[in-house]
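**Student:** Take this structure, written in structure tokens, and hold onto it; I'll ask about it next.
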Amino acid sequence: MNNPYYLTTPIYYVNAKPHLGHIYTTMLCDVMVQYQKLLGKDAMFLTGVDEHGDKIVKAAASASLSVQDYVDLISGEFQNVWKNLHIQNNDFIRTTEERHKKVVQNILQTLFDKGDIYLSQYEGYYCFGCERYLTEKEMDSEGKCPDHQIEPEIIKESNYFFKLQKYLPRWETMLKNNSNLIQPDQYYKEILGTIHELMKTGEDLSISRPVKRLQWGIPIPFDEQFVTYVWFDALVNYISALDYPDGEKFHTYWPQAHHMIAKDILKPHGIFWPAMLMAADIEIFQNLYVHGYWLGLNDLKMSKSMQNAFNPLDLIHSIGLDSFRYFLMKEMTFGSDSKFTDEALKNRLNQDLSNNLGNLIQRTLSMIKKYCNGNIPPKNPEMDYIIKPANLLSDASKNYHSCMQTFQFSKALDNILEIIDLLNKSIEEKKPWALAKTNDPELLPFLRLLMDGIGFCMHYMKPFLAEKFRLFTEITGLTVRENFPGKLQEILYNESLPENWEILFPRID
Ligand code: MSP
């Protein structure tokens with residue numbers, strides 16, 4: 001198949017069960033992958049878990065389980081959640097798998113052999129939450145890690161270092177030549193600033209941990225006294241899952257690689273990873289996309305360590321998967337933070353889905369039942385002029401596509417919501433109930449145009465509302481032909497509606 005597309009989520013730590021933050025990132029990627037498939041792309045979607053490091057060892061101890069049993073348990077939970085949320089990942093990578101370990105060791109050996117890794121002493125502030133050394137600038141005014149609200153520990157030890165500095169100038173030039181590489185723009189600028197600072201300090205990246213402090217990691221191939229630092233291990237997942245270096249998947253998908261992360265892990269992805277790729281002579285990814293945080297009650301980033309994480313599984317059970325997915329994708333402006341509240345959820349779902357889209361569908365189907373004996377009127381292109389949106393659809397679809405390509409899903413949906421709004425207004429203006437009374441010849445073409453408008457909107461909402469799309473298709477037989485991402489070619493329906501149908505978007509209280 002042509003046209004490969006490769007998208008990754010971060011691999012999540014298994015020190016906690018998945019919460020809203022992990023679910024959001026994974027759904028965001030799933031929507032993109034569904035969209036890419038509509039574009040006809042051969043989309044490969046990777047997610048997985050990060051199973052090494054101090055954090056995991058501590059979590060296993062507090063659960064009174066062996067580390068292996070513990071990682072098996074939580075990684076199984078992640079896989080279950082993705083299955084229950086209908087996430088269509090093609091692979092699930094675990095960093096304790098042999099296929100991953102051997103690639104990490106291969107890269108370490110390559111870099112060591114070419115002189116890019118050396119042994120040295122290091123002293124610095126280590127945040128165990130972030131699993132990395134923080135600079136003083138990165139700490140808050142009380143000297144704490146802003147994300148984990150704990151004071152980093154001062155750690156002094158011998159470790160292997162990767163010559164990060166050697167690759168910074170080249171990375172900086174690449175970024176300056178391509179300002180779309182990291183999106184949205186505020187994160188692109190942040191990374192340029194961080195490169196600048198790092199160049200001033202001259203720091204390299206510590207990539208090992210002494211075995212006497214930590215055994216739960218991938219052994220450094222050239223020195224058994226050390227295991228690999230979690231970030232150096234974890235980042236490699238994006239290529240170990242493709243069977244780097246010789247795998248067919250690597251050759252097919254890596255040239256079209258896109259990464260999605262939240263801003264908490266911008267530095268490892270925006271600096272360490274490209275430098276590692278350059279050192280290993282591997283092409284850089286196409287884009288790094290960065291989203292903001294879901295904030296918890298205390299307005300801090302939602303996380304297990306802050307005890308403000310929200311597990312939405314019960315909520316999803318009660319309001320339905322599609323509605324939940326729609327809410328997350330519509331509510332958060334890509335790149336900014338958002339707060340999850342019951343009020344926002346209720347308002348958004350009732351307004352966008354129940355009142356606007358749901359009402360439009362219900363009214364239109366009911367009128368077809370009442371005025372046309374349930375027979376969906378055929379197309380009558382000569383009558384296209386009777387409804388304004390017919391001309392606006394091509395603009396809406398153009399805007400929709402350009403927003404979708406860069407994860408601006410909220411904006412993409414605005415274009416569709418506008419069409420729904422126009423269709424509802426056109427019902428008020430045209431008053432089909434009055435046309436029916438006088439047997440006006442515009443009635444049938446008008447109802448058909450409403451159906452075409454609805455088909456258009458449902459089609460574009462499919463990556464967000466897959467189940468509702470399926471139900472609507474079951475009721476009406478909708479088939480859409482499109483030359484993605486171009487013009488809608490054709491919207492086809494069954495000849496008639498069934499006797500009864502399910503209300504697609506009931507109100508929530
Ligand atoms: N294991 C590392 C990532 C290694 S990737 C090579 C890690 N894991 S994590 O479990 O902490 O996951 C962090 C990611 O989870 C964030 O980048 C984001 O994708 C998601 N989120 C976790 N909490 C979040 C919020 N409160 N809000 C939005 N997304 C968040 O870091």
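Ordered as shown in the structure tokens, chains take letters A, B, and onward, while each chain numbers its residues from 1 and ligands are numbered from 1 in the order shown.
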Can you pull out every residue with an atom within 7 Å of ligand 1? Use only C-alpha atoms and all ligand atoms and format it as a list of chain:residue names.

**Tutor:**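 Sorted by chain and then by number, the residues are A:Thr9, A:Pro10, A:Ile11, A:Tyr12, A:Tyr13, A:Val14, A:Leu20, A:Gly21, A:His22, A:Tyr24, A:Thr25, A:Val49, A:Asp50, A:Trp231, A:Ala234, A:Leu235, A:Asn237, A:Ile261, A:Ala262, A:Lys263, A:Asp264, A:Ile265, A:Gly292, A:Tyr293, A:Trp294, A:Leu295, A:Lys301, A:Met302, A:Ser303.
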
**Student:** Need to verify the contact set: Tyr160 of chain A, 8 Å, only C-alpha atoms, exclusion of same-chain residues closer than 3 positions in sequence. Can you return it as a PDB file with N, CA, C and O atoms, in the first residue's frame?

**Tutor:**
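Output contents, as saved in out15.pdb:
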```pdb
ATOM      1  N   ILE A 117      29.902   8.448  23.396  1.00  0.00           N
ATOM      2  CA  ILE A 117      29.532   8.159  24.789  1.00  0.00           C
ATOM      3  C   ILE A 117      30.815   8.048  25.616  1.00  0.00           C
ATOM      4  O   ILE A 117      31.775   7.384  25.194  1.00  0.00           O
ATOM      5  N   TYR A 118      30.864   8.734  26.758  1.00  0.00           N
ATOM      6  CA  TYR A 118      32.057   8.695  27.618  1.00  0.00           C
ATOM      7  C   TYR A 118      31.650   8.619  29.082  1.00  0.00           C
ATOM      8  O   TYR A 118      30.520   8.952  29.441  1.00  0.00           O
ATOM      9  N   LEU A 119      32.598   8.186  29.943  1.00  0.00           N
ATOM     10  CA  LEU A 119      32.335   8.044  31.385  1.00  0.00           C
ATOM     11  C   LEU A 119      32.757   9.324  32.102  1.00  0.00           C
ATOM     12  O   LEU A 119      33.825   9.859  31.833  1.00  0.00           O
ATOM     13  N   SER A 120      31.905   9.785  33.053  1.00  0.00           N
ATOM     14  CA  SER A 120      32.286  10.995  33.799  1.00  0.00           C
ATOM     15  C   SER A 120      31.508  11.094  35.114  1.00  0.00           C
ATOM     16  O   SER A 120      30.564  10.337  35.339  1.00  0.00           O
ATOM     17  N   SER A 206      23.420  12.541  30.705  1.00  0.00           N
ATOM     18  CA  SER A 206      23.788  11.301  31.398  1.00  0.00           C
ATOM     19  C   SER A 206      22.842  10.196  30.948  1.00  0.00           C
ATOM     20  O   SER A 206      21.630  10.368  30.952  1.00  0.00           O
ATOM     21  N   ILE A 207      23.404   9.069  30.516  1.00  0.00           N
ATOM     22  CA  ILE A 207      22.540   8.032  29.911  1.00  0.00           C
ATOM     23  C   ILE A 207      22.649   6.683  30.623  1.00  0.00           C
ATOM     24  O   ILE A 207      22.231   5.658  30.081  1.00  0.00           O
ATOM     25  N   SER A 208      23.226   6.681  31.826  1.00  0.00           N
ATOM     26  CA  SER A 208      23.309   5.408  32.544  1.00  0.00           C
ATOM     27  C   SER A 208      22.967   5.613  34.007  1.00  0.00           C
ATOM     28  O   SER A 208      22.922   6.753  34.498  1.00  0.00           O
TER      29      SER A 208
END
```

**Student:** Extract, using only C-alpha atoms, all DNA, RNA and protein residues at most 10 Å from segment 196-198 of chain A, discarding same-chain residues fewer than 2 positions from it, and format them as a list in words.

**Tutor:**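 Returned residues: Thr135, Leu164, Gln165, Leu168, Pro169, Glu172, Glu190, Ile191, Leu192, Gly193, Thr194, Lys200, Thr201, Gly202, Glu203, Asp204 and Ile271 of chain A.
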
**Student:** Separation of atom CA of Arg132 of chain A and atom CA of Trp216 of chain A, in Å?

**Tutor:**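 These atoms are spaced 16.1 Å apart.
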
**Student:** For Leu313 of chain A, work out the shell of residues within 10 Å, counting only C-alpha atoms and skipping chain neighbours fewer than 3 positions away, then give it as a count of residues only.

**Tutor:** 14

**Student:** Quick one: of A:Gln109, A:Trp254, A:Phe226, A:Phe340, who's nearest to Leu328 of chain A, counting only C-alpha atoms?

**Tutor:**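 With only C-alpha atoms as the atom set, the closest residue is A:Phe340.
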
**Student:** Using 10 Å as the limit and counting only C-alpha atoms, can you tabulate each residue of segment 342-398 of chain A that touches segment 450-459 of chain A, with its shortest atom-to-atom distance in Å and the two atoms involved, as JSON lines?

**Tutor:**
```
{"residue": "A:Leu357", "atom": "CA", "partner": "A:Ile454", "partner_atom": "CA", "distance": 8.3}
{"residue": "A:Leu360", "atom": "CA", "partner": "A:Ile454", "partner_atom": "CA", "distance": 7.9}
{"residue": "A:Ile361", "atom": "CA", "partner": "A:Ile454", "partner_atom": "CA", "distance": 7.0}
{"residue": "A:Thr364", "atom": "CA", "partner": "A:Leu450", "partner_atom": "CA", "distance": 7.0}
{"residue": "A:Leu365", "atom": "CA", "partner": "A:Met451", "partner_atom": "CA", "distance": 8.3}
{"residue": "A:Ile368", "atom": "CA", "partner": "A:Met451", "partner_atom": "CA", "distance": 9.6}
{"residue": "A:Ile376", "atom": "CA", "partner": "A:Met451", "partner_atom": "CA", "distance": 8.4}
{"residue": "A:Pro377", "atom": "CA", "partner": "A:Met451", "partner_atom": "CA", "distance": 9.0}
{"residue": "A:Lys379", "atom": "CA", "partner": "A:Asp452", "partner_atom": "CA", "distance": 8.9}
{"residue": "A:Ile387", "atom": "CA", "partner": "A:Leu450", "partner_atom": "CA", "distance": 8.5}
{"residue": "A:Pro389", "atom": "CA", "partner": "A:Gly453", "partner_atom": "CA", "distance": 7.7}
{"residue": "A:Ala390", "atom": "CA", "partner": "A:Gly453", "partner_atom": "CA", "distance": 7.7}
{"residue": "A:Leu393", "atom": "CA", "partner": "A:Phe456", "partner_atom": "CA", "distance": 8.1}
{"residue": "A:Ala396", "atom": "CA", "partner": "A:Cys457", "partner_atom": "CA", "distance": 9.9}
{"residue": "A:Ser397", "atom": "CA", "partner": "A:Phe456", "partner_atom": "CA", "distance": 9.0}
```

**Student:** Taking N, CA, C and O atoms for each residue, export the selection above as a PDB file, in the first residue's frame.

**Tutor:**
```
ATOM      1  N   LEU A 357     -26.820  18.987  16.265  1.00  0.00           N
ATOM      2  CA  LEU A 357     -26.757  17.874  15.313  1.00  0.00           C
ATOM      3  C   LEU A 357     -27.927  16.908  15.511  1.00  0.00           C
ATOM      4  O   LEU A 357     -28.608  16.523  14.552  1.00  0.00           O
ATOM      5  N   LEU A 360     -31.228  18.313  14.356  1.00  0.00           N
ATOM      6  CA  LEU A 360     -31.291  18.406  12.897  1.00  0.00           C
ATOM      7  C   LEU A 360     -31.628  17.038  12.296  1.00  0.00           C
ATOM      8  O   LEU A 360     -32.491  16.926  11.411  1.00  0.00           O
ATOM      9  N   ILE A 361     -30.950  16.021  12.793  1.00  0.00           N
ATOM     10  CA  ILE A 361     -31.183  14.681  12.241  1.00  0.00           C
ATOM     11  C   ILE A 361     -32.610  14.235  12.551  1.00  0.00           C
ATOM     12  O   ILE A 361     -33.349  13.773  11.673  1.00  0.00           O
ATOM     13  N   THR A 364     -35.262  16.139  10.522  1.00  0.00           N
ATOM     14  CA  THR A 364     -35.246  15.821   9.089  1.00  0.00           C
ATOM     15  C   THR A 364     -35.825  14.427   8.843  1.00  0.00           C
ATOM     16  O   THR A 364     -36.677  14.249   7.956  1.00  0.00           O
ATOM     17  N   LEU A 365     -35.380  13.455   9.643  1.00  0.00           N
ATOM     18  CA  LEU A 365     -35.887  12.102   9.432  1.00  0.00           C
ATOM     19  C   LEU A 365     -37.402  12.063   9.680  1.00  0.00           C
ATOM     20  O   LEU A 365     -38.148  11.406   8.945  1.00  0.00           O
ATOM     21  N   ILE A 368     -39.281  13.442   6.764  1.00  0.00           N
ATOM     22  CA  ILE A 368     -39.289  12.509   5.624  1.00  0.00           C
ATOM     23  C   ILE A 368     -40.315  11.408   5.871  1.00  0.00           C
ATOM     24  O   ILE A 368     -41.035  10.988   4.973  1.00  0.00           O
ATOM     25  N   ILE A 376     -36.778   8.453   1.187  1.00  0.00           N
ATOM     26  CA  ILE A 376     -35.803   9.555   1.127  1.00  0.00           C
ATOM     27  C   ILE A 376     -35.838  10.129  -0.297  1.00  0.00           C
ATOM     28  O   ILE A 376     -35.607   9.393  -1.258  1.00  0.00           O
ATOM     29  N   PRO A 377     -36.146  11.428  -0.432  1.00  0.00           N
ATOM     30  CA  PRO A 377     -36.300  11.983  -1.783  1.00  0.00           C
ATOM     31  C   PRO A 377     -35.005  11.861  -2.580  1.00  0.00           C
ATOM     32  O   PRO A 377     -33.913  11.958  -2.011  1.00  0.00           O
ATOM     33  N   LYS A 379     -32.103  12.921  -5.428  1.00  0.00           N
ATOM     34  CA  LYS A 379     -31.408  14.185  -5.695  1.00  0.00           C
ATOM     35  C   LYS A 379     -32.085  14.926  -6.839  1.00  0.00           C
ATOM     36  O   LYS A 379     -32.601  14.305  -7.759  1.00  0.00           O
ATOM     37  N   ILE A 387     -31.038  26.012  -1.100  1.00  0.00           N
ATOM     38  CA  ILE A 387     -30.441  25.977   0.237  1.00  0.00           C
ATOM     39  C   ILE A 387     -29.024  26.548   0.163  1.00  0.00           C
ATOM     40  O   ILE A 387     -28.231  26.152  -0.689  1.00  0.00           O
ATOM     41  N   PRO A 389     -26.343  26.437   2.207  1.00  0.00           N
ATOM     42  CA  PRO A 389     -25.136  25.682   2.550  1.00  0.00           C
ATOM     43  C   PRO A 389     -24.540  24.910   1.386  1.00  0.00           C
ATOM     44  O   PRO A 389     -23.356  24.640   1.376  1.00  0.00           O
ATOM     45  N   ALA A 390     -25.365  24.575   0.396  1.00  0.00           N
ATOM     46  CA  ALA A 390     -24.823  23.826  -0.738  1.00  0.00           C
ATOM     47  C   ALA A 390     -23.547  24.484  -1.260  1.00  0.00           C
ATOM     48  O   ALA A 390     -22.592  23.805  -1.614  1.00  0.00           O
ATOM     49  N   LEU A 393     -20.434  24.294   1.483  1.00  0.00           N
ATOM     50  CA  LEU A 393     -19.831  23.036   1.898  1.00  0.00           C
ATOM     51  C   LEU A 393     -18.379  22.919   1.464  1.00  0.00           C
ATOM     52  O   LEU A 393     -17.536  22.426   2.214  1.00  0.00           O
ATOM     53  N   ALA A 396     -16.178  24.850   3.812  1.00  0.00           N
ATOM     54  CA  ALA A 396     -16.100  24.190   5.118  1.00  0.00           C
ATOM     55  C   ALA A 396     -15.194  22.980   5.029  1.00  0.00           C
ATOM     56  O   ALA A 396     -14.381  22.739   5.921  1.00  0.00           O
ATOM     57  N   SER A 397     -15.287  22.238   3.929  1.00  0.00           N
ATOM     58  CA  SER A 397     -14.468  21.038   3.876  1.00  0.00           C
ATOM     59  C   SER A 397     -12.990  21.387   3.697  1.00  0.00           C
ATOM     60  O   SER A 397     -12.128  20.751   4.280  1.00  0.00           O
TER      61      SER A 397
END
```

**Student:** What does the distance from atom CA of Val227 of chain A to atom CA of Ser158 of chain A come to in Å, to one decimal?

**Tutor:**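 Going from atom CA of Val227 of chain A over to atom CA of Ser158 of chain A, I get 12.3 Å.
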
**Student:** Counting only C-alpha atoms, what is within 12 Å of Lys370 of chain A, bar same-chain residues fewer than 5 positions away, as a list in words?

**Tutor:**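 Answer for this query is Arg363, Thr364, Leu365, Asn375, Ile376, Pro432, Trp433, Ala436, Lys437, Leu444, Leu447, Leu497 and Glu499 of chain A.
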